[in-house]
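Here's the structure we're looking at; comments come further down.
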Amino acid sequence: MVGDQCVLSGDSSALLAQRSPKGALSCKMVLQAVGKVLRKSKAKPNGKKAPAEERKQYLESEYTKVRVVDLDLKELVVLPREIDLNEWLASNTTTFFNLINLQYSTISEFCTGDSCQAMTACSTIYFWYDEKGKKTKCTAPQYVDFVMSLVQKLVTDEDIFPTKYVHNVADAVLQGNFKVFVLYSYCVVHQGKEFPNAFDSVVKKICRYLFHVLAHIYWVHFKETVALELHGHLNTLYAHFIVFVREFSLVDPKETSIMDDLSEVLCTPLPAAQNHVTER
C-alpha cells in the first residue's frame, strides 16, 4: 500500500535525506505524484484519449418510433380469467419462439462464423452449456442454432408442452398482421395431459435464451434489420416479449439489464402523433 510505504522511521528519514540532494520526499508529495499518474492513465489509457461510448443506432428516435401496431402491450399479456396460467405461458412462449426464430432468419445470412465469432451483446459473451453442464464458447450462428434446436425439442414434447398449437401465426405477423398474433395466442387445445411440476422453470430457461437472440440482433445486426425495413417488426416483437417476461417474472432483471435503455423506450407507449405504424 502507498500509505504503508510512506511511513518511515527516523533513521530511514535521515538515510533518505542523505541519499537525496533535495532531502526526503513527504508522504503527501508521493501521494500527489501517484494520484497524478492514476488520473492521467484513467483519462488517457495507453497515452490515448478514452474511447467514446459506442453509438447505439437502435436507440435513435427515428427507429424506436417505428412499430407494426399500436396496442397496449400490458393488456395483451395479462392472464385472461378463462385460461390456465400454464396454458397461457405455453402458448405465448411457443409464439415468441416462432417469431424470434423467424426474425433471426431474416438476418441469418449476415450472422456467420467469420462476422460473429462469439455470441455477443454489449460487452457480454454468451457461452453454451450442454446437457452435462459443459461450457462451450461458440460462434453466434452456432449458439442460435443450439437455442432454436433445444426450444423446438421442448415445445414439441407433449410431456412438457401438452398442447396443440397453431404454428402459422409467425408468417402472418411478419407480414404486418400483428392482430392475427393476438387471436392465435388463444388458439391452444389442451391434450388431456398435465403440465410438469417444473414447467415454469422450462419456460424461464427458454425465455432467457430467446432474450440472448434478440439482444444479439439489436447489438450486431440492427443495421441489416433497418436495411430490410424490418425494424418495426423487431421493435414490436421485443417490446411485447419484454412486457410478457416482466409480467410473469420469467427472466432475471440482471439478465436483461444490458438492454434496459431500449426496454424503457419501447415499453413506453408513444404519443399518437409520433407513432409510426408500419402496415404491410
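By convention here, the chains of the C-alpha cells are called A, B, ... in the order presented, each chain's residues are numbered starting at 1, and ligands are numbered starting at 1 in the order presented.
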
Handout entry: Selection: 12 Å around Ser149 of chain A, only C-alpha atoms, excl. self and same-chain fewer than 4 positions, as a count of residues only
Key = 15

Return as a PDB file with N, CA and C atoms, in the first residue's frame the full set of residues in segment 80-165 of chain A whose backbone-based DSSP assignment is strand (DSSP E).
ATOM      1  N   MET A 119     -21.020 -15.293 -29.495  1.00  0.00           N
ATOM      2  CA  MET A 119     -22.394 -14.841 -29.285  1.00  0.00           C
ATOM      3  C   MET A 119     -22.345 -13.674 -28.320  1.00  0.00           C
ATOM      4  N   THR A 120     -22.396 -12.461 -28.859  1.00  0.00           N
ATOM      5  CA  THR A 120     -22.203 -11.271 -28.051  1.00  0.00           C
ATOM      6  C   THR A 120     -23.420 -10.352 -28.066  1.00  0.00           C
ATOM      7  N   ALA A 121     -23.490  -9.549 -27.029  1.00  0.00           N
ATOM      8  CA  ALA A 121     -24.452  -8.452 -26.928  1.00  0.00           C
ATOM      9  C   ALA A 121     -23.850  -7.486 -25.914  1.00  0.00           C
ATOM     10  N   THR A 124     -21.114  -8.433 -23.280  1.00  0.00           N
ATOM     11  CA  THR A 124     -21.388  -9.774 -22.765  1.00  0.00           C
ATOM     12  C   THR A 124     -21.140 -10.827 -23.834  1.00  0.00           C
ATOM     13  N   ILE A 125     -20.470 -11.897 -23.461  1.00  0.00           N
ATOM     14  CA  ILE A 125     -20.300 -13.058 -24.329  1.00  0.00           C
ATOM     15  C   ILE A 125     -21.093 -14.202 -23.724  1.00  0.00           C
ATOM     16  N   TYR A 126     -22.001 -14.742 -24.505  1.00  0.00           N
ATOM     17  CA  TYR A 126     -22.818 -15.854 -24.029  1.00  0.00           C
ATOM     18  C   TYR A 126     -22.152 -17.177 -24.396  1.00  0.00           C
ATOM     19  N   TRP A 128     -22.410 -21.452 -24.354  1.00  0.00           N
ATOM     20  CA  TRP A 128     -23.420 -22.503 -24.368  1.00  0.00           C
ATOM     21  C   TRP A 128     -23.043 -23.591 -23.371  1.00  0.00           C
ATOM     22  N   TYR A 129     -24.052 -24.075 -22.638  1.00  0.00           N
ATOM     23  CA  TYR A 129     -23.851 -25.171 -21.696  1.00  0.00           C
ATOM     24  C   TYR A 129     -24.669 -26.365 -22.185  1.00  0.00           C
ATOM     25  N   LYS A 135     -19.273 -26.092 -20.494  1.00  0.00           N
ATOM     26  CA  LYS A 135     -19.279 -24.732 -21.013  1.00  0.00           C
ATOM     27  C   LYS A 135     -18.530 -24.675 -22.336  1.00  0.00           C
ATOM     28  N   THR A 136     -19.183 -24.087 -23.358  1.00  0.00           N
ATOM     29  CA  THR A 136     -18.575 -24.023 -24.678  1.00  0.00           C
ATOM     30  C   THR A 136     -18.732 -22.632 -25.268  1.00  0.00           C
ATOM     31  N   THR A 163     -49.804 -29.345 -25.341  1.00  0.00           N
ATOM     32  CA  THR A 163     -50.751 -28.503 -26.061  1.00  0.00           C
ATOM     33  C   THR A 163     -50.601 -28.728 -27.553  1.00  0.00           C
ATOM     34  N   LYS A 164     -51.662 -28.433 -28.264  1.00  0.00           N
ATOM     35  CA  LYS A 164     -51.621 -28.448 -29.726  1.00  0.00           C
ATOM     36  C   LYS A 164     -51.706 -27.015 -30.193  1.00  0.00           C
ATOM     37  N   TYR A 165     -50.637 -26.546 -30.841  1.00  0.00           N
ATOM     38  CA  TYR A 165     -50.544 -25.121 -31.159  1.00  0.00           C
ATOM     39  C   TYR A 165     -50.652 -24.869 -32.657  1.00  0.00           C
TER      40      TYR A 165
END

Problem - Proximity to Leu59 of chain A - best of A:Tyr218, A:Pro253, A:Ile83, A:Glu247, only C-alpha atoms - result: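 For Leu59 of chain A, the nearest of the candidates is A:Tyr218.
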
Problem - Straight-line distance linking atom CA of Ala140 of chain A with atom CA of Glu264 of chain A, stated in Å to one decimal - result: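 These atoms are spaced 26.1 Å apart.
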
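The helix (DSSP H, G or I) portion of segment 82-138 of chain A consists of Leu85, Asn86, Glu87, Trp88, Leu89, Ala90, Ser91, Asn92, Thr93, Thr94, Thr95, Phe96, Phe97, Asn98, Leu99, Ile100, Asn101, Leu102, Gln103, Tyr104, Ser105, Ser108, Glu109 and Phe110 of chain A, with states taken from DSSP on the backbone.
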
Pull C-alpha atoms from the residues just selected and write them as a PDB file, in the first residue's frame.
ATOM      1  CA  LEU A  85     -51.650 -19.985 -16.274  1.00  0.00           C
ATOM      2  CA  ASN A  86     -49.568 -22.802 -17.704  1.00  0.00           C
ATOM      3  CA  GLU A  87     -51.622 -22.815 -20.894  1.00  0.00           C
ATOM      4  CA  TRP A  88     -51.043 -19.084 -21.227  1.00  0.00           C
ATOM      5  CA  LEU A  89     -47.313 -19.408 -20.637  1.00  0.00           C
ATOM      6  CA  ALA A  90     -47.123 -22.301 -23.093  1.00  0.00           C
ATOM      7  CA  SER A  91     -48.993 -20.540 -25.893  1.00  0.00           C
ATOM      8  CA  ASN A  92     -47.075 -17.291 -25.560  1.00  0.00           C
ATOM      9  CA  THR A  93     -43.688 -18.998 -25.190  1.00  0.00           C
ATOM     10  CA  THR A  94     -44.305 -21.042 -28.338  1.00  0.00           C
ATOM     11  CA  THR A  95     -45.392 -17.938 -30.195  1.00  0.00           C
ATOM     12  CA  PHE A  96     -42.316 -15.978 -29.160  1.00  0.00           C
ATOM     13  CA  PHE A  97     -40.114 -18.886 -30.181  1.00  0.00           C
ATOM     14  CA  ASN A  98     -41.643 -18.909 -33.665  1.00  0.00           C
ATOM     15  CA  LEU A  99     -41.460 -15.151 -34.068  1.00  0.00           C
ATOM     16  CA  ILE A 100     -37.903 -14.705 -32.778  1.00  0.00           C
ATOM     17  CA  ASN A 101     -36.733 -17.631 -34.872  1.00  0.00           C
ATOM     18  CA  LEU A 102     -38.344 -16.020 -37.906  1.00  0.00           C
ATOM     19  CA  GLN A 103     -36.926 -12.588 -37.082  1.00  0.00           C
ATOM     20  CA  TYR A 104     -33.420 -14.022 -36.790  1.00  0.00           C
ATOM     21  CA  SER A 105     -33.796 -15.869 -40.083  1.00  0.00           C
ATOM     22  CA  SER A 108     -29.028 -15.034 -40.649  1.00  0.00           C
ATOM     23  CA  GLU A 109     -27.025 -14.642 -43.868  1.00  0.00           C
ATOM     24  CA  PHE A 110     -25.164 -11.752 -42.205  1.00  0.00           C
TER      25      PHE A 110
END

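In this comparison, which uses only C-alpha atoms, the residue of A:Lys223, A:Lys65, A:Arg55, A:Lys137 approaching Asn235 of chain A most closely is A:Lys65.
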
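Residues in contact with Tyr238 of chain A at up to 9 Å, not including ones fewer than 2 positions away on its chain and judged by only C-alpha atoms, are A:Ile100, A:Phe211, A:Leu214, A:His233, A:Leu234, A:Asn235, A:Thr236, A:His240, A:Phe241, A:Ile242, A:Val243, A:Ser263, A:Leu266, A:Cys267.
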
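For segment 224-228 of chain A, the residues within 8 Å (counting only C-alpha atoms, excluding itself and residues fewer than 2 positions away along the chain) are Thr106, Ile107, Phe110, His221, Phe222, Leu230 and His231 of chain A.
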
Please produce an output containing all heavy atoms for each residue in the selection, written as a PDB file, in the first residue's frame.
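And here's result.pdb as it stands now:
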ATOM      1  N   THR A 106     -34.237 -13.603 -40.891  1.00  0.00           N
ATOM      2  CA  THR A 106     -34.158 -12.526 -41.873  1.00  0.00           C
ATOM      3  C   THR A 106     -32.754 -11.938 -41.985  1.00  0.00           C
ATOM      4  O   THR A 106     -32.414 -11.322 -42.998  1.00  0.00           O
ATOM      5  CB  THR A 106     -35.150 -11.394 -41.536  1.00  0.00           C
ATOM      6  OG1 THR A 106     -34.781 -10.790 -40.283  1.00  0.00           O
ATOM      7  CG2 THR A 106     -36.581 -11.919 -41.464  1.00  0.00           C
ATOM      8  N   ILE A 107     -31.925 -12.119 -40.939  1.00  0.00           N
ATOM      9  CA  ILE A 107     -30.560 -11.581 -40.970  1.00  0.00           C
ATOM     10  C   ILE A 107     -29.518 -12.681 -40.827  1.00  0.00           C
ATOM     11  O   ILE A 107     -28.328 -12.397 -40.648  1.00  0.00           O
ATOM     12  CB  ILE A 107     -30.354 -10.503 -39.867  1.00  0.00           C
ATOM     13  CG1 ILE A 107     -30.744 -11.046 -38.466  1.00  0.00           C
ATOM     14  CG2 ILE A 107     -31.155  -9.257 -40.190  1.00  0.00           C
ATOM     15  CD1 ILE A 107     -29.688 -11.784 -37.737  1.00  0.00           C
ATOM     16  N   PHE A 110     -26.188 -12.702 -42.641  1.00  0.00           N
ATOM     17  CA  PHE A 110     -25.164 -11.752 -42.205  1.00  0.00           C
ATOM     18  C   PHE A 110     -24.489 -12.205 -40.902  1.00  0.00           C
ATOM     19  O   PHE A 110     -23.472 -11.642 -40.512  1.00  0.00           O
ATOM     20  CB  PHE A 110     -25.774 -10.365 -41.992  1.00  0.00           C
ATOM     21  CG  PHE A 110     -26.556  -9.861 -43.176  1.00  0.00           C
ATOM     22  CD1 PHE A 110     -27.942  -9.811 -43.141  1.00  0.00           C
ATOM     23  CD2 PHE A 110     -25.906  -9.452 -44.328  1.00  0.00           C
ATOM     24  CE1 PHE A 110     -28.673  -9.363 -44.235  1.00  0.00           C
ATOM     25  CE2 PHE A 110     -26.627  -9.001 -45.421  1.00  0.00           C
ATOM     26  CZ  PHE A 110     -28.016  -8.952 -45.381  1.00  0.00           C
ATOM     27  N   HIS A 221     -26.773  -6.755 -35.508  1.00  0.00           N
ATOM     28  CA  HIS A 221     -27.399  -6.817 -36.826  1.00  0.00           C
ATOM     29  C   HIS A 221     -28.551  -5.824 -37.013  1.00  0.00           C
ATOM     30  O   HIS A 221     -29.426  -6.056 -37.851  1.00  0.00           O
ATOM     31  CB  HIS A 221     -27.903  -8.242 -37.084  1.00  0.00           C
ATOM     32  CG  HIS A 221     -26.816  -9.266 -37.039  1.00  0.00           C
ATOM     33  ND1 HIS A 221     -25.802  -9.334 -37.970  1.00  0.00           N
ATOM     34  CD2 HIS A 221     -26.564 -10.265 -36.132  1.00  0.00           C
ATOM     35  CE1 HIS A 221     -24.987 -10.330 -37.670  1.00  0.00           C
ATOM     36  NE2 HIS A 221     -25.414 -10.904 -36.565  1.00  0.00           N
ATOM     37  N   PHE A 222     -28.522  -4.741 -36.250  1.00  0.00           N
ATOM     38  CA  PHE A 222     -29.623  -3.786 -36.392  1.00  0.00           C
ATOM     39  C   PHE A 222     -29.559  -3.055 -37.729  1.00  0.00           C
ATOM     40  O   PHE A 222     -30.590  -2.741 -38.321  1.00  0.00           O
ATOM     41  CB  PHE A 222     -29.619  -2.777 -35.235  1.00  0.00           C
ATOM     42  CG  PHE A 222     -30.861  -1.926 -35.192  1.00  0.00           C
ATOM     43  CD1 PHE A 222     -32.076  -2.463 -34.824  1.00  0.00           C
ATOM     44  CD2 PHE A 222     -30.802  -0.582 -35.542  1.00  0.00           C
ATOM     45  CE1 PHE A 222     -33.231  -1.687 -34.789  1.00  0.00           C
ATOM     46  CE2 PHE A 222     -31.944   0.208 -35.511  1.00  0.00           C
ATOM     47  CZ  PHE A 222     -33.163  -0.352 -35.136  1.00  0.00           C
ATOM     48  N   LEU A 230     -37.296  -4.021 -41.473  1.00  0.00           N
ATOM     49  CA  LEU A 230     -37.964  -4.914 -40.523  1.00  0.00           C
ATOM     50  C   LEU A 230     -37.753  -4.478 -39.078  1.00  0.00           C
ATOM     51  O   LEU A 230     -38.050  -5.232 -38.157  1.00  0.00           O
ATOM     52  CB  LEU A 230     -37.454  -6.351 -40.709  1.00  0.00           C
ATOM     53  CG  LEU A 230     -37.847  -7.037 -42.019  1.00  0.00           C
ATOM     54  CD1 LEU A 230     -37.167  -8.391 -42.146  1.00  0.00           C
ATOM     55  CD2 LEU A 230     -39.364  -7.193 -42.109  1.00  0.00           C
ATOM     56  N   HIS A 231     -37.244  -3.263 -38.877  1.00  0.00           N
ATOM     57  CA  HIS A 231     -37.015  -2.798 -37.507  1.00  0.00           C
ATOM     58  C   HIS A 231     -38.321  -2.523 -36.777  1.00  0.00           C
ATOM     59  O   HIS A 231     -38.370  -2.607 -35.552  1.00  0.00           O
ATOM     60  CB  HIS A 231     -36.108  -1.558 -37.487  1.00  0.00           C
ATOM     61  CG  HIS A 231     -36.522  -0.463 -38.399  1.00  0.00           C
ATOM     62  ND1 HIS A 231     -36.554  -0.592 -39.767  1.00  0.00           N
ATOM     63  CD2 HIS A 231     -36.914   0.820 -38.139  1.00  0.00           C
ATOM     64  CE1 HIS A 231     -36.954   0.559 -40.313  1.00  0.00           C
ATOM     65  NE2 HIS A 231     -37.189   1.419 -39.344  1.00  0.00           N
TER      66      HIS A 231
END

Practice task
Could you tell me which of A:Phe244, A:Tyr63, A:Phe199, A:Tyr58 comes closest to Ala215 of chain A if we count only C-alpha atoms?
Solution key: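 Ranking A:Phe244, A:Tyr63, A:Phe199, A:Tyr58 by distance to Ala215 of chain A, first place goes to A:Tyr58.
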
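Interatomic distance, atom CA of Glu194 of chain A against atom CA of Asp159 of chain A: 8.1 Å.
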
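Of the listed residues A:Arg208, A:His216, A:Lys74, A:Lys193, the one whose atoms come nearest to Glu158 of chain A is A:Lys193, with distances taken using only C-alpha atoms.
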
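One finds atom CA of Ala118 of chain A at 18.6 Å from atom CA of Thr256 of chain A.
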